[in-house]
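As provided, work.pdb (PDB, C-alpha atoms) reads as follows.
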```
ATOM      1  CA  MET A 134      42.946  59.596 137.139
ATOM      2  CA  ALA A 135      42.930  62.601 134.823
ATOM      3  CA  LYS A 136      46.601  63.284 135.532
ATOM      4  CA  SER A 137      47.558  59.673 134.816
ATOM      5  CA  ALA A 138      45.650  59.782 131.535
ATOM      6  CA  SER A 139      47.372  63.010 130.513
ATOM      7  CA  VAL A 140      50.781  61.469 131.203
ATOM      8  CA  ILE A 141      49.917  58.410 129.089
ATOM      9  CA  ILE A 142      48.726  60.602 126.215
ATOM     10  CA  PHE A 143      51.926  62.670 126.428
ATOM     11  CA  LEU A 144      54.108  59.573 126.312
ATOM     12  CA  ILE A 145      52.241  58.256 123.267
ATOM     13  CA  LEU A 146      52.664  61.570 121.479
ATOM     14  CA  CYS A 147      56.367  61.664 122.357
ATOM     15  CA  SER A 148      57.117  58.034 121.589
ATOM     16  CA  GLY A 149      59.066  59.163 118.511
ATOM     17  CA  CYS A 150      60.994  61.900 120.291
ATOM     18  CA  ALA A 151      64.194  59.933 120.583
ATOM     19  CA  SER A 152      66.654  61.937 118.571
ATOM     20  CA  HIS A 153      68.315  65.339 118.629
ATOM     21  CA  GLN A 154      66.608  66.068 115.344
ATOM     22  CA  SER A 155      63.076  65.455 116.656
ATOM     23  CA  LEU A 156      63.845  67.403 119.832
ATOM     24  CA  ASN A 157      65.513  70.160 117.821
ATOM     25  CA  ILE A 158      68.403  70.614 120.232
ATOM     26  CA  LYS A 159      70.689  73.498 119.343
ATOM     27  CA  ASP A 160      74.361  72.604 119.570
ATOM     28  CA  HIS A 161      75.785  75.586 121.445
ATOM     29  CA  LYS A 162      78.947  74.288 123.066
ATOM     30  CA  LEU A 163      80.707  76.495 125.585
ATOM     31  CA  PRO A 164      84.077  77.884 124.412
ATOM     32  CA  PHE A 165      85.936  75.718 126.943
ATOM     33  CA  TRP A 166      83.964  72.482 126.442
ATOM     34  CA  ASN A 167      87.039  70.572 125.210
ATOM     35  CA  LYS A 168      88.905  71.449 128.412
ATOM     36  CA  LEU A 169      86.340  69.596 130.513
ATOM     37  CA  SER A 170      87.297  66.067 131.539
ATOM     38  CA  GLU A 171      86.137  63.213 129.335
ATOM     39  CA  ARG A 172      84.111  60.317 130.746
ATOM     40  CA  ASN A 173      82.519  57.026 129.758
ATOM     41  CA  THR A 174      78.784  57.555 129.251
ATOM     42  CA  ASN A 175      78.203  53.919 130.251
ATOM     43  CA  ASP A 176      78.779  55.103 133.820
ATOM     44  CA  LEU A 177      75.961  57.672 133.839
ATOM     45  CA  ASP A 178      73.377  56.984 136.547
ATOM     46  CA  MET A 179      71.428  60.163 137.345
ATOM     47  CA  VAL A 180      69.788  63.254 135.847
ATOM     48  CA  VAL A 181      70.015  66.419 137.952
ATOM     49  CA  VAL A 182      67.306  69.057 137.446
ATOM     50  CA  HIS A 183      68.287  72.689 138.010
ATOM     51  CA  ALA A 184      66.796  76.146 137.708
ATOM     52  CA  THR A 185      69.139  78.802 136.371
ATOM     53  CA  GLU A 186      67.887  81.457 138.817
ATOM     54  CA  LEU A 187      68.693  83.988 136.078
ATOM     55  CA  SER A 188      66.545  86.214 133.881
ATOM     56  CA  ASP A 189      66.834  84.502 130.492
ATOM     57  CA  MET A 190      68.879  82.263 128.185
ATOM     58  CA  ALA A 191      71.249  85.090 127.243
ATOM     59  CA  GLU A 192      72.170  85.672 130.869
ATOM     60  CA  ALA A 193      72.534  81.916 131.421
ATOM     61  CA  ARG A 194      74.976  81.852 128.512
ATOM     62  CA  GLU A 195      76.925  84.769 129.959
ATOM     63  CA  TYR A 196      77.269  82.970 133.294
ATOM     64  CA  GLY A 197      78.113  79.687 131.577
ATOM     65  CA  GLU A 198      81.022  81.224 129.678
ATOM     66  CA  ARG A 199      82.628  82.734 132.766
ATOM     67  CA  ILE A 200      86.017  81.234 133.661
ATOM     68  CA  LEU A 201      85.826  80.368 137.354
ATOM     69  CA  TYR A 202      88.594  77.788 137.572
ATOM     70  CA  LYS A 203      91.651  79.596 136.256
ATOM     71  CA  GLU A 204      94.036  76.656 136.217
ATOM     72  CA  ALA A 205      91.653  74.456 134.215
ATOM     73  CA  GLY A 206      90.320  77.326 132.112
ATOM     74  CA  THR A 207      86.705  76.249 132.733
ATOM     75  CA  GLY A 208      83.578  77.416 134.512
ATOM     76  CA  ALA A 209      80.258  76.183 135.920
ATOM     77  CA  SER A 210      77.345  75.147 133.713
ATOM     78  CA  GLY A 211      74.836  72.450 132.911
ATOM     79  CA  HIS A 212      74.801  70.103 129.930
ATOM     80  CA  TYR A 213      71.401  71.203 128.578
ATOM     81  CA  TYR A 214      69.342  74.396 128.952
ATOM     82  CA  ILE A 215      65.599  74.561 128.348
ATOM     83  CA  ASP A 216      64.054  77.975 127.684
ATOM     84  CA  ARG A 217      60.537  79.018 128.660
ATOM     85  CA  ASP A 218      59.272  78.235 125.145
ATOM     86  CA  GLY A 219      60.616  74.677 125.331
ATOM     87  CA  SER A 220      63.635  75.235 123.081
ATOM     88  CA  ILE A 221      66.745  73.324 124.100
ATOM     89  CA  GLU A 222      70.425  74.200 123.868
ATOM     90  CA  GLN A 223      73.341  71.894 124.648
ATOM     91  CA  TYR A 224      76.309  73.615 126.277
ATOM     92  CA  VAL A 225      78.409  70.555 127.164
ATOM     93  CA  PRO A 226      78.613  67.181 125.355
ATOM     94  CA  ASP A 227      77.311  64.170 127.277
ATOM     95  CA  ASN A 228      80.764  62.585 127.397
ATOM     96  CA  ARG A 229      82.281  65.565 129.216
ATOM     97  CA  ILE A 230      81.974  66.318 132.923
ATOM     98  CA  ALA A 231      80.136  69.603 133.456
ATOM     99  CA  ASN A 232      80.613  71.540 136.694
ATOM    100  CA  HIS A 233      77.036  71.803 137.932
ATOM    101  CA  THR A 234      76.611  70.062 141.313
ATOM    102  CA  THR A 235      79.529  69.835 143.725
ATOM    103  CA  GLY A 236      80.478  66.201 144.308
ATOM    104  CA  TRP A 237      78.016  64.756 141.800
ATOM    105  CA  ASN A 238      79.332  65.726 138.380
ATOM    106  CA  LYS A 239      81.166  62.569 137.347
ATOM    107  CA  LYS A 240      78.147  60.323 136.601
ATOM    108  CA  THR A 241      75.331  62.800 136.030
ATOM    109  CA  LEU A 242      73.685  64.719 133.215
ATOM    110  CA  SER A 243      72.435  68.157 134.173
ATOM    111  CA  ILE A 244      69.445  70.036 132.814
ATOM    112  CA  GLU A 245      68.958  73.731 133.538
ATOM    113  CA  LEU A 246      65.482  75.241 133.268
ATOM    114  CA  ILE A 247      65.445  78.974 132.580
ATOM    115  CA  ASN A 248      63.703  80.380 135.645
ATOM    116  CA  LEU A 249      64.069  83.433 137.875
ATOM    117  CA  GLY A 250      64.218  81.502 141.126
ATOM    118  CA  ARG A 251      65.398  83.985 143.768
ATOM    119  CA  TYR A 252      66.992  86.271 141.154
ATOM    120  CA  PRO A 253      68.687  88.668 141.700
ATOM    121  CA  ASN A 254      68.853  88.487 145.514
ATOM    122  CA  TRP A 255      69.750  84.830 145.820
ATOM    123  CA  TYR A 256      71.207  85.024 149.303
ATOM    124  CA  HIS A 257      69.201  87.795 150.967
ATOM    125  CA  SER A 258      67.395  86.458 154.010
ATOM    126  CA  ASP A 259      64.157  88.204 153.033
ATOM    127  CA  HIS A 260      64.120  86.843 149.475
ATOM    128  CA  GLN A 261      64.105  83.089 149.960
ATOM    129  CA  LYS A 262      61.142  82.103 147.822
ATOM    130  CA  MET A 263      61.248  80.876 144.247
ATOM    131  CA  GLN A 264      59.215  83.399 142.281
ATOM    132  CA  GLU A 265      58.351  81.851 138.903
ATOM    133  CA  PRO A 266      56.386  78.720 137.889
ATOM    134  CA  TYR A 267      57.784  76.553 135.097
ATOM    135  CA  THR A 268      56.019  76.653 131.746
ATOM    136  CA  GLN A 269      54.257  73.628 130.297
ATOM    137  CA  ALA A 270      56.539  73.876 127.272
ATOM    138  CA  GLN A 271      59.581  73.528 129.539
ATOM    139  CA  ILE A 272      58.193  70.492 131.337
ATOM    140  CA  ASP A 273      57.181  68.825 128.052
ATOM    141  CA  ALA A 274      60.657  69.414 126.614
ATOM    142  CA  LEU A 275      62.287  68.166 129.813
ATOM    143  CA  ILE A 276      60.284  64.930 129.728
ATOM    144  CA  SER A 277      61.141  64.380 126.067
ATOM    145  CA  LEU A 278      64.823  65.013 126.719
ATOM    146  CA  VAL A 279      65.018  62.681 129.714
ATOM    147  CA  THR A 280      63.097  60.016 127.800
ATOM    148  CA  GLU A 281      65.811  60.229 125.152
ATOM    149  CA  PHE A 282      68.513  59.950 127.815
ATOM    150  CA  LYS A 283      66.953  56.748 129.094
ATOM    151  CA  SER A 284      66.911  55.170 125.647
ATOM    152  CA  ARG A 285      70.488  56.230 124.969
ATOM    153  CA  TYR A 286      71.917  55.490 128.418
ATOM    154  CA  PRO A 287      70.040  52.608 130.097
ATOM    155  CA  THR A 288      72.304  52.908 133.164
ATOM    156  CA  ILE A 289      70.437  56.095 134.178
ATOM    157  CA  LYS A 290      68.020  55.060 136.919
ATOM    158  CA  TYR A 291      67.814  58.092 139.205
ATOM    159  CA  THR A 292      66.952  61.765 139.251
ATOM    160  CA  GLN A 293      67.238  64.498 141.858
ATOM    161  CA  GLY A 294      66.970  68.243 142.119
ATOM    162  CA  HIS A 295      69.986  70.437 142.709
ATOM    163  CA  GLU A 296      68.655  71.270 146.168
ATOM    164  CA  ASP A 297      68.562  67.560 147.096
ATOM    165  CA  LEU A 298      72.279  67.121 146.408
ATOM    166  CA  ASP A 299      73.722  70.451 147.546
ATOM    167  CA  THR A 300      72.235  71.069 150.979
ATOM    168  CA  ARG A 301      74.822  73.534 152.225
ATOM    169  CA  ILE A 302      73.736  76.518 154.298
ATOM    170  CA  ILE A 303      75.552  79.859 154.041
ATOM    171  CA  ALA A 304      75.424  83.261 155.727
ATOM    172  CA  ALA A 305      72.864  85.664 154.264
ATOM    173  CA  GLU A 306      74.359  88.520 152.242
ATOM    174  CA  ASN A 307      72.300  91.182 153.967
ATOM    175  CA  ASP A 308      72.648  89.783 157.503
ATOM    176  CA  PRO A 309      75.537  87.391 158.293
ATOM    177  CA  SER A 310      73.802  86.388 161.531
ATOM    178  CA  LYS A 311      71.129  84.641 159.444
ATOM    179  CA  GLN A 312      71.565  81.585 157.250
ATOM    180  CA  VAL A 313      70.063  80.693 153.871
ATOM    181  CA  ALA A 314      70.155  77.676 151.585
ATOM    182  CA  ARG A 315      72.908  77.804 148.990
ATOM    183  CA  LYS A 316      70.666  76.026 146.490
ATOM    184  CA  MET A 317      66.842  75.886 146.336
ATOM    185  CA  ASP A 318      66.334  74.699 142.780
ATOM    186  CA  PRO A 319      64.266  73.484 141.104
ATOM    187  CA  GLY A 320      62.088  74.360 144.109
ATOM    188  CA  PRO A 321      58.397  74.026 145.001
ATOM    189  CA  TYR A 322      57.067  74.993 141.564
ATOM    190  CA  PHE A 323      58.640  71.967 139.917
ATOM    191  CA  PRO A 324      56.026  69.205 139.223
ATOM    192  CA  TRP A 325      57.939  66.213 140.554
ATOM    193  CA  GLU A 326      54.996  63.798 140.555
ATOM    194  CA  LEU A 327      54.140  64.471 136.924
ATOM    195  CA  PHE A 328      57.782  64.330 135.873
ATOM    196  CA  LEU A 329      58.522  61.066 137.697
ATOM    197  CA  ASP A 330      55.394  59.380 136.332
ATOM    198  CA  ALA A 331      56.406  60.354 132.801
ATOM    199  CA  VAL A 332      60.087  59.380 132.867
ATOM    200  CA  ASP A 333      59.970  56.400 135.256
ATOM    201  CA  LEU A 334      63.108  57.290 137.213
ATOM    202  CA  LYS A 335      63.630  56.944 140.952
ATOM    203  CA  LYS A 336      63.851  60.158 142.954
ATOM    204  CA  GLU A 337      66.666  58.717 144.990
ATOM    205  CA  THR A 338      70.339  59.451 145.422
ATOM    206  CA  PRO A 339      72.756  56.762 144.176
ATOM    207  CA  GLU A 340      76.107  56.080 145.758
ATOM    208  CA  LYS A 341      78.295  59.141 145.551
ATOM    209  CA  PRO A 342      81.119  58.809 143.002
ATOM    210  CA  GLU A 343      84.658  58.794 144.295
TER
END
```
Give the structure from the file, written as structure tokens.
Amino acid sequence: MAKSASVIIFLILCSGCASHQSLNIKDHKLPFWNKLSERNTNDLDMVVVHATELSDMAEAREYGERILYKEAGTGASGHYYIDRDGSIEQYVPDNRIANHTTGWNKKTLSIELINLGRYPNWYHSDHQKMQEPYTQAQIDALISLVTEFKSRYPTIKYTQGHEDLDTRIIAAENDPSKQVARKMDPGPYFPWELFLDAVDLKKETPEKPE
């Protein structure tokens, strides 16, 4: 009962948080943003929640700017990044396809929460626990941002975590005879029940885009 009341109070307080100005989103486009494929935002159907599994926003930026796909001149990143203090930066415009979740990029918006995750031993077999809870400021900012998405793009009906969509298993770095999950984010510290109650999205996977 108390949790439901807190969600209602939050939604009332954030009822006016429907613009970049009120959310104070920093426009911090990646250098290669205009090389990413354009898309029709009327086709968006899902929000994907990630953890950076890096130390801070500066390191997330460093990784985001790396050129991984030489021919295209682009790299891997999310659309939005939320720091531990709740501040938000936008790396990729909504109408561009960011490379964040293999096979699911075409119709999704991605949000990266700054969080250590398994950092820096992501694929060591003895280091497979997420190590940092999310801050309340991050969760509040995330809810506000997704609430804005819903008002802007009514076709968005679903949400999933990175780990729900990329379920690949790989050999552990320290012992190839053992296997570890390629992705574990946002992980067990993420408050799915609170988040879903607040944003009213289905934690389901839509049909995979072609």
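Ranking A:Leu249, A:Pro226, A:Leu177, A:Tyr202 by their shortest atom-to-atom distance to Asp189 of chain A, with only C-alpha atoms included, puts A:Leu249 first.
Candidate residues A:Glu195, A:Glu204, A:Glu306, A:Glu186 were compared for distance to Met263 of chain A, and the nearest is A:Glu186, using only C-alpha atoms.
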Please, what distance in Å, to one decimal, runs between atom CA of Asn175 of chain A and atom CA of Ser220 of chain A?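 Distance reported for this atom pair: 26.8 Å.
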Selection near segment 253-260 of chain A, 8 Å with all atoms listed in the file, sequence-local residues under 6 positions removed, as a list in words: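 Skipping anything fewer than 6 positions along the chain leaves Glu186, Leu187, Ala304, Ala305, Glu306, Asn307, Asp308, Lys311, Gln312, Val313, Ala314 and Arg315 of chain A.
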Separation of atom CA of Asp273 of chain A from atom CA of Leu327 of chain A in Å: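 Distance reported for this atom pair: 10.3 Å.
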Report, in Å to a single decimal, how far apart atom CA of His183 of chain A and atom CA of Leu246 of chain A are.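 Between atom CA of Leu246 of chain A and atom CA of His183 of chain A the gap is 6.1 Å.
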Exercise: segment 215-217 of chain A partners within 6 Å, all atoms listed in the file, chain neighbours under 4 positions left out, as a PyMOL selection string: chain A and resi 221+246-247+268+271
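You can rank A:Phe323, A:Gln269, A:Gly206, A:Met179 by their closest distance to Thr338 of chain A using all atoms listed in the file, and at the top of that list sits A:Met179.
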With distances taken over all atoms listed in the file, which residue among A:Pro319, A:Pro287, A:Gly294, A:Gly211 lies nearest Pro266 of chain A? A:Pro319
Between A:Asn228, A:Asn173, A:Thr207, A:Thr234, single out the one closest to Asp297 of chain A, counting only C-alpha atoms. A:Thr234
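For the set A:Arg229, A:Arg301, A:Lys290, A:Lys203, the residue with the smallest atom-to-atom gap to Lys162 of chain A is A:Arg229, counting only C-alpha atoms.
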To test the calculation: enclose all listed atoms of segment 274-284 of chain A in a box whose edges run along x, y and z, add 3 Å on each side, then state centre and edge lengths in Å to one decimal, as AutoDock Vina command-line options.
```
--center_x 64.4 --center_y 62.3 --center_z 127.5 --size_x 14.2 --size_y 20.2 --size_z 10.7
```
Segment 237-280 of chain A residues near segment 332-337 of chain A within 7 Å, closest pair each, using only C-alpha atoms, as CSV:
```
residue,atom,partner,partner_atom,distance
A:Ile276,CA,A:Val332,CA,6.4
A:Val279,CA,A:Val332,CA,6.7
A:Thr280,CA,A:Val332,CA,5.9
```
Give as a list in words the residues that the PyMOL selection byres ((chain A and resi 210) around 6) matches when applied to the coordinates above.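 Checked against the file, the PyMOL selection byres ((chain A and resi 210) around 6) matches Gly197, Ala209, Gly211, Asn232 and His233 of chain A.
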For Asn167 of chain A, please output as a PyMOL selection string all residues within 9 Å (counting all atoms listed in the file; exclusion window: fewer than 3 positions along the same chain). chain A and resi 163-164+170-171+225+229
Residues matched by the PyMOL selection byres ((chain A and resi 222) around 6) as a ChimeraX atom specification: /A:158-159,213-214,221,223
Taking the partial coordinates given, rebuild segment 234-263 of chain A to contain N, CA and C atoms; return it as an mmCIF file, in the frame of the given file.
```
data_model
loop_
_atom_site.group_PDB
_atom_site.id
_atom_site.type_symbol
_atom_site.label_atom_id
_atom_site.label_comp_id
_atom_site.auth_asym_id
_atom_site.auth_seq_id
_atom_site.Cartn_x
_atom_site.Cartn_y
_atom_site.Cartn_z
ATOM 1 N N THR A 234 77.029 70.416 139.958
ATOM 2 C CA THR A 234 76.611 70.062 141.313
ATOM 3 C C THR A 234 77.818 69.504 142.053
ATOM 4 N N THR A 235 78.310 70.223 143.022
ATOM 5 C CA THR A 235 79.529 69.835 143.725
ATOM 6 C C THR A 235 79.444 68.399 144.250
ATOM 7 N N GLY A 236 80.395 67.576 143.843
ATOM 8 C CA GLY A 236 80.478 66.201 144.308
ATOM 9 C C GLY A 236 79.694 65.190 143.498
ATOM 10 N N TRP A 237 78.894 65.665 142.533
ATOM 11 C CA TRP A 237 78.016 64.756 141.800
ATOM 12 C C TRP A 237 78.165 64.874 140.291
ATOM 13 N N ASN A 238 79.215 65.452 139.810
ATOM 14 C CA ASN A 238 79.332 65.726 138.380
ATOM 15 C C ASN A 238 79.751 64.524 137.534
ATOM 16 N N LYS A 239 80.497 63.623 138.120
ATOM 17 C CA LYS A 239 81.166 62.569 137.347
ATOM 18 C C LYS A 239 80.193 61.662 136.588
ATOM 19 N N LYS A 240 79.051 61.306 137.195
ATOM 20 C CA LYS A 240 78.147 60.323 136.601
ATOM 21 C C LYS A 240 76.759 60.884 136.302
ATOM 22 N N THR A 241 76.650 62.192 136.216
ATOM 23 C CA THR A 241 75.331 62.800 136.030
ATOM 24 C C THR A 241 75.243 63.645 134.763
ATOM 25 N N LEU A 242 74.024 63.750 134.253
ATOM 26 C CA LEU A 242 73.685 64.719 133.215
ATOM 27 C C LEU A 242 72.846 65.799 133.872
ATOM 28 N N SER A 243 73.126 67.034 133.537
ATOM 29 C CA SER A 243 72.435 68.157 134.173
ATOM 30 C C SER A 243 71.564 68.892 133.170
ATOM 31 N N ILE A 244 70.376 69.266 133.639
ATOM 32 C CA ILE A 244 69.445 70.036 132.814
ATOM 33 C C ILE A 244 69.056 71.288 133.578
ATOM 34 N N GLU A 245 69.266 72.432 132.950
ATOM 35 C CA GLU A 245 68.958 73.731 133.538
ATOM 36 C C GLU A 245 67.690 74.293 132.908
ATOM 37 N N LEU A 246 66.713 74.614 133.735
ATOM 38 C CA LEU A 246 65.482 75.241 133.268
ATOM 39 C C LEU A 246 65.589 76.744 133.497
ATOM 40 N N ILE A 247 65.391 77.517 132.438
ATOM 41 C CA ILE A 247 65.445 78.974 132.580
ATOM 42 C C ILE A 247 64.313 79.414 133.503
ATOM 43 N N ASN A 248 64.689 80.032 134.614
ATOM 44 C CA ASN A 248 63.703 80.380 135.645
ATOM 45 C C ASN A 248 64.330 81.402 136.586
ATOM 46 N N LEU A 249 63.546 82.359 137.024
ATOM 47 C CA LEU A 249 64.069 83.433 137.875
ATOM 48 C C LEU A 249 64.527 82.943 139.241
ATOM 49 N N GLY A 250 63.854 81.952 139.790
ATOM 50 C CA GLY A 250 64.218 81.502 141.126
ATOM 51 C C GLY A 250 64.190 82.647 142.119
ATOM 52 N N ARG A 251 65.287 82.880 142.798
ATOM 53 C CA ARG A 251 65.398 83.985 143.768
ATOM 54 C C ARG A 251 66.069 85.219 143.161
ATOM 55 N N TYR A 252 66.284 85.199 141.864
ATOM 56 C CA TYR A 252 66.992 86.271 141.154
ATOM 57 C C TYR A 252 66.401 87.639 141.496
ATOM 58 N N PRO A 253 67.217 88.676 141.685
ATOM 59 C CA PRO A 253 68.687 88.668 141.700
ATOM 60 C C PRO A 253 69.271 88.638 143.122
ATOM 61 N N ASN A 254 68.401 88.447 144.117
ATOM 62 C CA ASN A 254 68.853 88.487 145.514
ATOM 63 C C ASN A 254 68.895 87.084 146.098
ATOM 64 N N TRP A 255 69.728 86.246 145.485
ATOM 65 C CA TRP A 255 69.750 84.830 145.820
ATOM 66 C C TRP A 255 69.962 84.570 147.299
ATOM 67 N N TYR A 256 70.798 85.346 147.935
ATOM 68 C CA TYR A 256 71.207 85.024 149.303
ATOM 69 C C TYR A 256 70.784 86.077 150.326
ATOM 70 N N HIS A 257 69.775 86.870 149.993
ATOM 71 C CA HIS A 257 69.201 87.795 150.967
ATOM 72 C C HIS A 257 68.199 87.030 151.819
ATOM 73 N N SER A 258 68.244 87.225 153.104
ATOM 74 C CA SER A 258 67.395 86.458 154.010
ATOM 75 C C SER A 258 65.910 86.717 153.799
ATOM 76 N N ASP A 259 65.569 87.878 153.244
ATOM 77 C CA ASP A 259 64.157 88.204 153.033
ATOM 78 C C ASP A 259 63.684 87.900 151.607
ATOM 79 N N HIS A 260 64.474 87.115 150.874
ATOM 80 C CA HIS A 260 64.120 86.843 149.475
ATOM 81 C C HIS A 260 64.314 85.355 149.176
ATOM 82 N N GLN A 261 63.851 84.518 150.073
ATOM 83 C CA GLN A 261 64.105 83.089 149.960
ATOM 84 C C GLN A 261 62.895 82.294 149.476
ATOM 85 N N LYS A 262 62.242 82.813 148.469
ATOM 86 C CA LYS A 262 61.142 82.103 147.822
ATOM 87 C C LYS A 262 61.359 82.102 146.318
ATOM 88 N N MET A 263 61.193 80.947 145.710
ATOM 89 C CA MET A 263 61.248 80.876 144.247
ATOM 90 C C MET A 263 60.043 81.637 143.706
#
```
